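The data block below is input29.pdb; it holds PDB, C-alpha atoms, pLDDT in the B column.
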```pdb
ATOM      1  CA  ASP G   1     -36.721  31.706 -18.333  1.00 66.00           C
ATOM      2  CA  VAL G   2     -39.379  32.260 -20.949  1.00 63.00           C
ATOM      3  CA  LYS G   3     -39.262  35.623 -22.564  1.00 90.00           C
ATOM      4  CA  VAL G   4     -42.314  37.173 -24.175  1.00 95.00           C
ATOM      5  CA  THR G   5     -41.494  40.400 -25.958  1.00 95.00           C
ATOM      6  CA  GLN G   6     -43.986  42.994 -27.104  1.00 95.00           C
ATOM      7  CA  SER G   7     -42.718  45.406 -29.704  1.00 88.00           C
ATOM      8  CA  SER G   8     -43.864  48.652 -28.096  1.00 90.00           C
ATOM      9  CA  ARG G   9     -44.369  49.735 -24.496  1.00 93.00           C
ATOM     10  CA  TYR G  10     -46.403  52.839 -25.392  1.00 95.00           C
ATOM     11  CA  LEU G  11     -48.227  53.626 -28.608  1.00 96.00           C
ATOM     12  CA  VAL G  12     -50.341  56.601 -29.643  1.00 97.00           C
ATOM     13  CA  LYS G  13     -52.543  56.309 -32.720  1.00 97.00           C
ATOM     14  CA  ARG G  14     -55.342  58.264 -34.338  1.00 97.00           C
ATOM     15  CA  THR G  15     -58.912  57.094 -34.844  1.00 97.00           C
ATOM     16  CA  GLY G  16     -59.237  55.110 -38.041  1.00 97.00           C
ATOM     17  CA  GLU G  17     -55.586  54.074 -38.261  1.00 97.00           C
ATOM     18  CA  LYS G  18     -54.592  50.459 -38.740  1.00 97.00           C
ATOM     19  CA  VAL G  19     -52.557  49.306 -35.762  1.00 97.00           C
ATOM     20  CA  PHE G  20     -50.260  46.316 -35.444  1.00 97.00           C
ATOM     21  CA  LEU G  21     -49.165  44.969 -32.063  1.00 97.00           C
ATOM     22  CA  GLU G  22     -46.411  42.387 -32.256  1.00 97.00           C
ATOM     23  CA  CYS G  23     -45.519  39.673 -29.785  1.00 97.00           C
ATOM     24  CA  VAL G  24     -42.633  37.206 -29.895  1.00 97.00           C
ATOM     25  CA  GLN G  25     -41.875  34.343 -27.510  1.00 96.00           C
ATOM     26  CA  ASP G  26     -38.638  32.388 -27.363  1.00 95.00           C
ATOM     27  CA  MET G  27     -39.610  29.114 -25.670  1.00 90.00           C
ATOM     28  CA  ASP G  28     -41.325  27.240 -28.476  1.00 92.00           C
ATOM     29  CA  HIS G  29     -44.747  27.525 -26.824  1.00 93.00           C
ATOM     30  CA  GLU G  30     -47.689  26.266 -28.819  1.00 93.00           C
ATOM     31  CA  ASN G  31     -50.290  28.581 -27.268  1.00 93.00           C
ATOM     32  CA  MET G  32     -50.302  32.348 -27.577  1.00 95.00           C
ATOM     33  CA  PHE G  33     -52.894  34.827 -26.331  1.00 95.00           C
ATOM     34  CA  TRP G  34     -53.891  38.466 -26.592  1.00 97.00           C
ATOM     35  CA  TYR G  35     -55.656  40.116 -23.644  1.00 97.00           C
ATOM     36  CA  ARG G  36     -56.687  43.651 -22.888  1.00 97.00           C
ATOM     37  CA  GLN G  37     -56.758  45.088 -19.393  1.00 95.00           C
ATOM     38  CA  ASP G  38     -58.775  48.131 -18.390  1.00 94.00           C
ATOM     39  CA  PRO G  39     -58.848  49.837 -14.967  1.00 88.00           C
ATOM     40  CA  GLY G  40     -61.168  48.056 -12.535  1.00 84.00           C
ATOM     41  CA  LEU G  41     -61.698  45.126 -14.892  1.00 87.00           C
ATOM     42  CA  GLY G  42     -60.000  41.783 -15.180  1.00 87.00           C
ATOM     43  CA  LEU G  43     -58.023  40.707 -18.197  1.00 92.00           C
ATOM     44  CA  ARG G  44     -60.302  39.976 -21.121  1.00 94.00           C
ATOM     45  CA  LEU G  45     -59.314  37.518 -23.813  1.00 94.00           C
ATOM     46  CA  ILE G  46     -59.390  38.874 -27.353  1.00 97.00           C
ATOM     47  CA  TYR G  47     -57.968  35.978 -29.369  1.00 96.00           C
ATOM     48  CA  PHE G  48     -55.775  32.977 -28.835  1.00 94.00           C
ATOM     49  CA  SER G  49     -53.843  30.628 -31.085  1.00 94.00           C
ATOM     50  CA  TYR G  50     -52.854  27.024 -30.400  1.00 92.00           C
ATOM     51  CA  ASP G  51     -50.771  26.480 -33.513  1.00 91.00           C
ATOM     52  CA  VAL G  52     -49.360  28.240 -36.539  1.00 93.00           C
ATOM     53  CA  LYS G  53     -52.134  29.693 -38.708  1.00 90.00           C
ATOM     54  CA  MET G  54     -54.744  28.592 -36.134  1.00 92.00           C
ATOM     55  CA  LYS G  55     -56.787  31.098 -34.154  1.00 94.00           C
ATOM     56  CA  GLU G  56     -59.792  31.095 -31.875  1.00 93.00           C
ATOM     57  CA  LYS G  57     -61.977  34.004 -30.832  1.00 95.00           C
ATOM     58  CA  GLY G  58     -61.911  34.935 -27.199  1.00 93.00           C
ATOM     59  CA  ASP G  59     -64.521  36.877 -25.277  1.00 91.00           C
ATOM     60  CA  ILE G  60     -64.147  40.246 -27.048  1.00 95.00           C
ATOM     61  CA  PRO G  61     -62.877  39.720 -30.630  1.00 97.00           C
ATOM     62  CA  GLU G  62     -64.929  42.497 -32.258  1.00 96.00           C
ATOM     63  CA  GLY G  63     -62.761  45.119 -33.910  1.00 96.00           C
ATOM     64  CA  TYR G  64     -59.639  42.938 -33.797  1.00 98.00           C
ATOM     65  CA  SER G  65     -57.950  40.321 -35.929  1.00 97.00           C
ATOM     66  CA  VAL G  66     -54.805  38.251 -35.425  1.00 97.00           C
ATOM     67  CA  SER G  67     -52.080  36.607 -37.437  1.00 97.00           C
ATOM     68  CA  ARG G  68     -49.797  33.713 -36.584  1.00 97.00           C
ATOM     69  CA  GLU G  69     -47.553  32.904 -39.514  1.00 95.00           C
ATOM     70  CA  LYS G  70     -44.694  31.598 -37.374  1.00 96.00           C
ATOM     71  CA  LYS G  71     -44.815  29.696 -34.106  1.00 95.00           C
ATOM     72  CA  GLU G  72     -42.937  32.328 -32.136  1.00 96.00           C
ATOM     73  CA  ARG G  73     -44.873  35.361 -33.360  1.00 97.00           C
ATOM     74  CA  PHE G  74     -48.486  36.401 -32.729  1.00 97.00           C
ATOM     75  CA  SER G  75     -49.750  39.723 -34.036  1.00 97.00           C
ATOM     76  CA  LEU G  76     -52.842  41.653 -32.997  1.00 98.00           C
ATOM     77  CA  ILE G  77     -54.365  43.936 -35.622  1.00 98.00           C
ATOM     78  CA  LEU G  78     -56.798  46.770 -35.101  1.00 97.00           C
ATOM     79  CA  GLU G  79     -58.184  47.313 -38.592  1.00 94.00           C
ATOM     80  CA  SER G  80     -59.571  50.777 -37.822  1.00 97.00           C
ATOM     81  CA  ALA G  81     -58.659  51.978 -34.352  1.00 97.00           C
ATOM     82  CA  SER G  82     -61.342  53.569 -32.224  1.00 97.00           C
ATOM     83  CA  THR G  83     -61.138  55.472 -28.939  1.00 97.00           C
ATOM     84  CA  ASN G  84     -62.763  52.600 -27.038  1.00 96.00           C
ATOM     85  CA  GLN G  85     -59.757  50.467 -27.942  1.00 98.00           C
ATOM     86  CA  THR G  86     -57.524  52.615 -25.738  1.00 98.00           C
ATOM     87  CA  SER G  87     -56.232  50.045 -23.288  1.00 97.00           C
ATOM     88  CA  MET G  88     -53.296  48.013 -22.000  1.00 96.00           C
ATOM     89  CA  TYR G  89     -52.708  45.039 -24.302  1.00 97.00           C
ATOM     90  CA  LEU G  90     -50.991  41.981 -22.904  1.00 97.00           C
ATOM     91  CA  CYS G  91     -49.596  39.086 -24.890  1.00 97.00           C
ATOM     92  CA  ALA G  92     -49.039  35.712 -23.223  1.00 95.00           C
ATOM     93  CA  SER G  93     -47.824  32.249 -24.147  1.00 94.00           C
ATOM     94  CA  SER G  94     -47.970  28.769 -22.647  1.00 92.00           C
ATOM     95  CA  ARG G  95     -47.246  25.165 -23.441  1.00 89.00           C
ATOM     96  CA  ALA G  96     -50.047  23.105 -24.952  1.00 80.00           C
ATOM     97  CA  ARG G  97     -51.035  21.194 -21.841  1.00 73.00           C
ATOM     98  CA  THR G  98     -54.019  21.505 -19.571  1.00 69.00           C
ATOM     99  CA  ASN G  99     -53.636  24.383 -17.161  1.00 74.00           C
ATOM    100  CA  GLU G 100     -50.126  25.390 -18.027  1.00 84.00           C
ATOM    101  CA  LYS G 101     -49.234  28.741 -16.508  1.00 89.00           C
ATOM    102  CA  LEU G 102     -49.151  31.791 -18.724  1.00 92.00           C
ATOM    103  CA  PHE G 103     -46.043  33.852 -19.333  1.00 93.00           C
ATOM    104  CA  PHE G 104     -46.875  37.465 -20.095  1.00 95.00           C
ATOM    105  CA  GLY G 105     -45.131  40.167 -22.041  1.00 95.00           C
ATOM    106  CA  SER G 106     -44.634  43.559 -20.420  1.00 93.00           C
ATOM    107  CA  GLY G 107     -47.658  45.034 -22.176  1.00 95.00           C
ATOM    108  CA  THR G 108     -48.409  47.776 -24.684  1.00 96.00           C
ATOM    109  CA  GLN G 109     -50.322  50.824 -23.484  1.00 96.00           C
ATOM    110  CA  LEU G 110     -52.247  51.949 -26.556  1.00 97.00           C
ATOM    111  CA  SER G 111     -53.893  55.348 -26.688  1.00 97.00           C
ATOM    112  CA  VAL G 112     -56.254  56.083 -29.576  1.00 97.00           C
ATOM    113  CA  LEU G 113     -56.952  59.782 -30.000  1.00 96.00           C
TER     114      LEU G 113
ATOM    115  CA  GLY M   1     -72.622  31.942 -14.987  1.00 66.00           C
ATOM    116  CA  GLN M   2     -69.029  32.819 -14.159  1.00 76.00           C
ATOM    117  CA  ASN M   3     -68.091  35.064 -11.285  1.00 86.00           C
ATOM    118  CA  ILE M   4     -65.076  35.841  -9.127  1.00 92.00           C
ATOM    119  CA  ASP M   5     -65.371  37.663  -5.814  1.00 94.00           C
ATOM    120  CA  GLN M   6     -62.306  39.003  -4.003  1.00 95.00           C
ATOM    121  CA  PRO M   7     -61.788  42.211  -2.008  1.00 96.00           C
ATOM    122  CA  THR M   8     -60.928  45.247  -4.074  1.00 95.00           C
ATOM    123  CA  GLU M   9     -58.293  46.599  -1.691  1.00 97.00           C
ATOM    124  CA  MET M  10     -56.417  45.506   1.421  1.00 98.00           C
ATOM    125  CA  THR M  11     -53.758  47.099   3.551  1.00 97.00           C
ATOM    126  CA  ALA M  12     -51.229  45.433   5.833  1.00 97.00           C
ATOM    127  CA  THR M  13     -48.077  46.184   7.781  1.00 97.00           C
ATOM    128  CA  GLU M  14     -44.571  45.120   6.851  1.00 97.00           C
ATOM    129  CA  GLY M  15     -43.692  41.851   8.594  1.00 97.00           C
ATOM    130  CA  ALA M  16     -47.324  40.852   9.129  1.00 97.00           C
ATOM    131  CA  ILE M  17     -49.421  38.070   7.580  1.00 97.00           C
ATOM    132  CA  VAL M  18     -52.298  38.739   5.190  1.00 98.00           C
ATOM    133  CA  GLN M  19     -54.901  36.412   3.701  1.00 98.00           C
ATOM    134  CA  ILE M  20     -56.624  37.296   0.436  1.00 98.00           C
ATOM    135  CA  ASN M  21     -59.872  35.392  -0.016  1.00 97.00           C
ATOM    136  CA  CYS M  22     -61.498  34.463  -3.288  1.00 97.00           C
ATOM    137  CA  THR M  23     -64.817  32.824  -4.063  1.00 96.00           C
ATOM    138  CA  TYR M  24     -65.662  31.796  -7.572  1.00 95.00           C
ATOM    139  CA  GLN M  25     -68.363  30.295  -9.723  1.00 91.00           C
ATOM    140  CA  THR M  26     -67.470  28.721 -13.045  1.00 88.00           C
ATOM    141  CA  SER M  27     -69.178  26.455 -15.530  1.00 83.00           C
ATOM    142  CA  GLY M  28     -66.616  23.683 -15.300  1.00 83.00           C
ATOM    143  CA  PHE M  29     -63.529  23.793 -13.106  1.00 86.00           C
ATOM    144  CA  ASN M  30     -60.018  22.694 -13.865  1.00 85.00           C
ATOM    145  CA  GLY M  31     -57.875  24.287 -11.184  1.00 92.00           C
ATOM    146  CA  LEU M  32     -57.105  27.774  -9.890  1.00 95.00           C
ATOM    147  CA  PHE M  33     -54.140  30.088 -10.379  1.00 95.00           C
ATOM    148  CA  TRP M  34     -52.912  33.057  -8.392  1.00 97.00           C
ATOM    149  CA  TYR M  35     -50.965  35.758 -10.215  1.00 97.00           C
ATOM    150  CA  GLN M  36     -49.187  38.824  -8.874  1.00 97.00           C
ATOM    151  CA  GLN M  37     -49.239  42.078 -10.818  1.00 95.00           C
ATOM    152  CA  HIS M  38     -47.219  45.135  -9.850  1.00 95.00           C
ATOM    153  CA  ALA M  39     -48.550  48.467 -11.065  1.00 91.00           C
ATOM    154  CA  GLY M  40     -47.767  49.009 -14.729  1.00 87.00           C
ATOM    155  CA  GLU M  41     -46.296  45.544 -15.153  1.00 90.00           C
ATOM    156  CA  ALA M  42     -47.453  42.189 -16.485  1.00 90.00           C
ATOM    157  CA  PRO M  43     -48.933  39.488 -14.229  1.00 93.00           C
ATOM    158  CA  THR M  44     -46.518  36.828 -12.985  1.00 94.00           C
ATOM    159  CA  PHE M  45     -47.431  33.334 -11.851  1.00 94.00           C
ATOM    160  CA  LEU M  46     -47.524  32.629  -8.111  1.00 96.00           C
ATOM    161  CA  SER M  47     -49.316  29.331  -7.561  1.00 95.00           C
ATOM    162  CA  TYR M  48     -51.648  26.707  -8.963  1.00 94.00           C
ATOM    163  CA  ASN M  49     -54.085  24.450  -7.068  1.00 95.00           C
ATOM    164  CA  VAL M  50     -56.079  21.656  -8.631  1.00 92.00           C
ATOM    165  CA  LEU M  51     -56.717  19.483  -5.547  1.00 94.00           C
ATOM    166  CA  ASP M  52     -58.226  20.549  -2.228  1.00 96.00           C
ATOM    167  CA  GLY M  53     -55.735  21.664   0.364  1.00 96.00           C
ATOM    168  CA  LEU M  54     -52.798  23.929   0.961  1.00 97.00           C
ATOM    169  CA  GLU M  55     -49.841  24.460  -1.355  1.00 94.00           C
ATOM    170  CA  GLU M  56     -46.879  26.167   0.274  1.00 94.00           C
ATOM    171  CA  LYS M  57     -44.149  27.968  -1.618  1.00 90.00           C
ATOM    172  CA  GLY M  58     -41.807  30.008   0.536  1.00 94.00           C
ATOM    173  CA  ARG M  59     -43.591  33.012   2.043  1.00 96.00           C
ATOM    174  CA  PHE M  60     -46.669  32.388  -0.101  1.00 96.00           C
ATOM    175  CA  SER M  61     -49.280  29.650   0.357  1.00 97.00           C
ATOM    176  CA  SER M  62     -52.486  28.992  -1.532  1.00 98.00           C
ATOM    177  CA  PHE M  63     -55.511  27.003  -0.399  1.00 98.00           C
ATOM    178  CA  LEU M  64     -58.358  25.515  -2.398  1.00 97.00           C
ATOM    179  CA  SER M  65     -61.746  24.050  -1.494  1.00 97.00           C
ATOM    180  CA  ARG M  66     -63.444  22.891  -4.684  1.00 95.00           C
ATOM    181  CA  SER M  67     -66.724  21.988  -2.966  1.00 94.00           C
ATOM    182  CA  LYS M  68     -67.028  25.513  -1.535  1.00 95.00           C
ATOM    183  CA  GLY M  69     -65.734  27.356  -4.595  1.00 95.00           C
ATOM    184  CA  TYR M  70     -63.189  29.044  -2.324  1.00 96.00           C
ATOM    185  CA  SER M  71     -59.505  29.801  -2.366  1.00 97.00           C
ATOM    186  CA  TYR M  72     -57.154  32.011  -0.433  1.00 98.00           C
ATOM    187  CA  LEU M  73     -53.632  33.310  -0.839  1.00 98.00           C
ATOM    188  CA  LEU M  74     -51.621  33.667   2.356  1.00 98.00           C
ATOM    189  CA  LEU M  75     -48.633  35.991   2.397  1.00 97.00           C
ATOM    190  CA  LYS M  76     -46.281  35.789   5.381  1.00 97.00           C
ATOM    191  CA  GLU M  77     -43.516  38.120   6.565  1.00 97.00           C
ATOM    192  CA  LEU M  78     -44.823  40.863   4.319  1.00 98.00           C
ATOM    193  CA  GLN M  79     -42.308  43.052   2.534  1.00 97.00           C
ATOM    194  CA  MET M  80     -42.799  46.407   0.874  1.00 97.00           C
ATOM    195  CA  LYS M  81     -42.225  44.783  -2.515  1.00 97.00           C
ATOM    196  CA  ASP M  82     -45.359  42.669  -1.946  1.00 98.00           C
ATOM    197  CA  SER M  83     -47.459  45.775  -2.631  1.00 98.00           C
ATOM    198  CA  ALA M  84     -49.225  44.689  -5.824  1.00 97.00           C
ATOM    199  CA  SER M  85     -52.496  43.364  -7.183  1.00 96.00           C
ATOM    200  CA  TYR M  86     -53.236  39.685  -6.621  1.00 98.00           C
ATOM    201  CA  LEU M  87     -55.389  37.949  -9.195  1.00 96.00           C
ATOM    202  CA  CYS M  88     -57.474  34.873  -8.401  1.00 96.00           C
ATOM    203  CA  VAL M  89     -57.859  33.031 -11.709  1.00 94.00           C
ATOM    204  CA  PRO M  90     -60.021  29.903 -11.897  1.00 94.00           C
ATOM    205  CA  SER M  91     -59.763  27.733 -14.963  1.00 90.00           C
ATOM    206  CA  GLY M  92     -63.061  26.693 -16.518  1.00 82.00           C
ATOM    207  CA  GLY M  93     -61.360  24.271 -18.919  1.00 76.00           C
ATOM    208  CA  TYR M  94     -58.586  24.143 -21.485  1.00 73.00           C
ATOM    209  CA  ASN M  95     -57.472  27.703 -22.250  1.00 73.00           C
ATOM    210  CA  LYS M  96     -60.468  29.084 -20.349  1.00 81.00           C
ATOM    211  CA  LEU M  97     -58.942  31.214 -17.627  1.00 89.00           C
ATOM    212  CA  ILE M  98     -61.264  33.651 -15.910  1.00 90.00           C
ATOM    213  CA  PHE M  99     -59.639  36.849 -14.668  1.00 91.00           C
ATOM    214  CA  GLY M 100     -61.264  39.141 -12.121  1.00 88.00           C
ATOM    215  CA  ALA M 101     -60.141  42.660 -11.262  1.00 90.00           C
ATOM    216  CA  GLY M 102     -57.941  41.370  -8.436  1.00 95.00           C
ATOM    217  CA  THR M 103     -57.122  42.611  -4.941  1.00 97.00           C
ATOM    218  CA  ARG M 104     -54.827  45.606  -4.602  1.00 97.00           C
ATOM    219  CA  LEU M 105     -52.603  45.080  -1.551  1.00 98.00           C
ATOM    220  CA  ALA M 106     -50.750  48.007   0.016  1.00 98.00           C
ATOM    221  CA  VAL M 107     -47.993  47.156   2.498  1.00 98.00           C
ATOM    222  CA  HIS M 108     -47.049  49.950   4.917  1.00 96.00           C
ATOM    223  CA  PRO M 109     -43.918  50.280   7.079  1.00 95.00           C
TER     224      PRO M 109
END
```

Take the structure I supplied and represent it as structure tokens, if you would.
Amino acid sequence: DVKVTQSSRYLVKRTGEKVFLECVQDMDHENMFWYRQDPGLGLRLIYFSYDVKMKEKGDIPEGYSVSREKKERFSLILESASTNQTSMYLCASSRARTNEKLFFGSGTQLSVL
Amino acid sequence: GQNIDQPTEMTATEGAIVQINCTYQTSGFNGLFWYQQHAGEAPTFLSYNVLDGLEEKGRFSSFLSRSKGYSYLLLKELQMKDSASYLCVPSGGYNKLIFGAGTRLAVHP
């Protein structure tokens, strides 16, 4: 089975801090994604990557950046965390074919105080 | 525009059958996924429909009508562990999945 691992399950940061969320997948998937999920809302796509060093903005990229230096690793960076970035962050990966299912990590609940 | 409409909450009894309906509007359509998400956990894949009709997979079945913009997920022989949120996720194109808030299903003894 595909395993998508997120480095932290819970994270508490202060406003203005730089925050790194790490995600690693072990099935050689080309595509990797970062979503955030807030109560009462669907998952919203922040960024995705379809290859090493390639990235595409999703629906809500403001305040975030990403890095994909190796195929198995996709990092989400909050340059200066703000309270409205308190959320559940989900990483996912998939093969590079049309409508391949996503495999999700277990999520990081980030609280920005 | 893009829109997904499914009930916010449903309740059902252990052993029963429940149908979760979903209507959607997307600019472009490339198939529809259903995901299950237990509280505090990540979504997991349940089914995928790209052609009209019913796809059956054990206790779960999913139906799609592309012309009506309609899908449903049918859960049979409900178990307590089926208490979860069910996400109807149409695909508007390559890497363009559209997630709604989902339907929270509570299964009671």

Up to 7 Å from chain M, what residues of chain G turn up? Count all atoms listed in the file and give them as number ranges by chain.
-> G: 40-43, 98-99, 101, 104-107

Run the PyMOL selection byres ((chain G and resi 26) around 9) on the file and write out the hits as a ChimeraX atom specification.
-> /G:2-5,24-25,27-29,72

What separation in Å, quoted to one decimal, exists between CA of Asp5 (chain M) and CA of Ala39 (chain M)?
->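 Interatomic distance, CA of Asp5 (chain M) to CA of Ala39 (chain M): 20.7 Å.
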
Report as a list of chain:residue names the full result of the PyMOL selection byres ((chain M and resi 13) around 10) when it is applied to this structure.
->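 Selected by the PyMOL selection byres ((chain M and resi 13) around 10) in this file: M:Thr11, M:Ala12, M:Glu14, M:Gly15, M:Ala16, M:Ile17, M:Val18, M:Glu77, M:Leu78, M:Gln79, M:Met80, M:Ala106, M:Val107, M:His108, M:Pro109.
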
Take the selection from the previous step and output its residues with C-alpha atoms, as an mmCIF file, keeping the file's coordinate frame.
```
data_model
loop_
_atom_site.group_PDB
_atom_site.id
_atom_site.type_symbol
_atom_site.label_atom_id
_atom_site.label_comp_id
_atom_site.auth_asym_id
_atom_site.auth_seq_id
_atom_site.Cartn_x
_atom_site.Cartn_y
_atom_site.Cartn_z
ATOM 1 C CA THR M 11 -53.758 47.099 3.551
ATOM 2 C CA ALA M 12 -51.229 45.433 5.833
ATOM 3 C CA GLU M 14 -44.571 45.120 6.851
ATOM 4 C CA GLY M 15 -43.692 41.851 8.594
ATOM 5 C CA ALA M 16 -47.324 40.852 9.129
ATOM 6 C CA ILE M 17 -49.421 38.070 7.580
ATOM 7 C CA VAL M 18 -52.298 38.739 5.190
ATOM 8 C CA GLU M 77 -43.516 38.120 6.565
ATOM 9 C CA LEU M 78 -44.823 40.863 4.319
ATOM 10 C CA GLN M 79 -42.308 43.052 2.534
ATOM 11 C CA MET M 80 -42.799 46.407 0.874
ATOM 12 C CA ALA M 106 -50.750 48.007 0.016
ATOM 13 C CA VAL M 107 -47.993 47.156 2.498
ATOM 14 C CA HIS M 108 -47.049 49.950 4.917
ATOM 15 C CA PRO M 109 -43.918 50.280 7.079
#
```

Might you spell out which residues the PyMOL selection byres ((chain G and resi 83-88) around 6) would select in the displayed file, as an NGL selection string?
-> :G and (36-38 or 82 or 89 or 108-112)

Neighbour list for Leu105 (chain M) as a ChimeraX atom specification, cut-off 7 Å, only C-alpha atoms, skip fewer than 2 positions in-chain | /M:9-11,83-85,103,107

Length of the CA of Gly63 (chain G) to CA of Tyr47 (chain G) vector [Å] |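 Spanning CA of Gly63 (chain G) to CA of Tyr47 (chain G) is a straight-line distance of 11.3 Å.
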
For Asn3 (chain M), which residue out of M:Ser27, M:Asn49, M:Asn21, M:Gln36 is the nearest one, using only C-alpha atoms?
->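 Among the listed residues, M:Ser27 lies closest to Asn3 (chain M).
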
note - CA of Ala81 (chain G) and CA of Pro61 (chain G) are separated by 13.5 Å

Do you know which residues are at most 12 Å from Glu30 (chain G) counting all atoms listed in the file, after dropping those on the same chain fewer than 6 positions away, and could you put them as an MDAnalysis selection string?
-> (chainID G and resid 48:55 68 70:74 92:97 100 102) or (chainID M and resid 95)
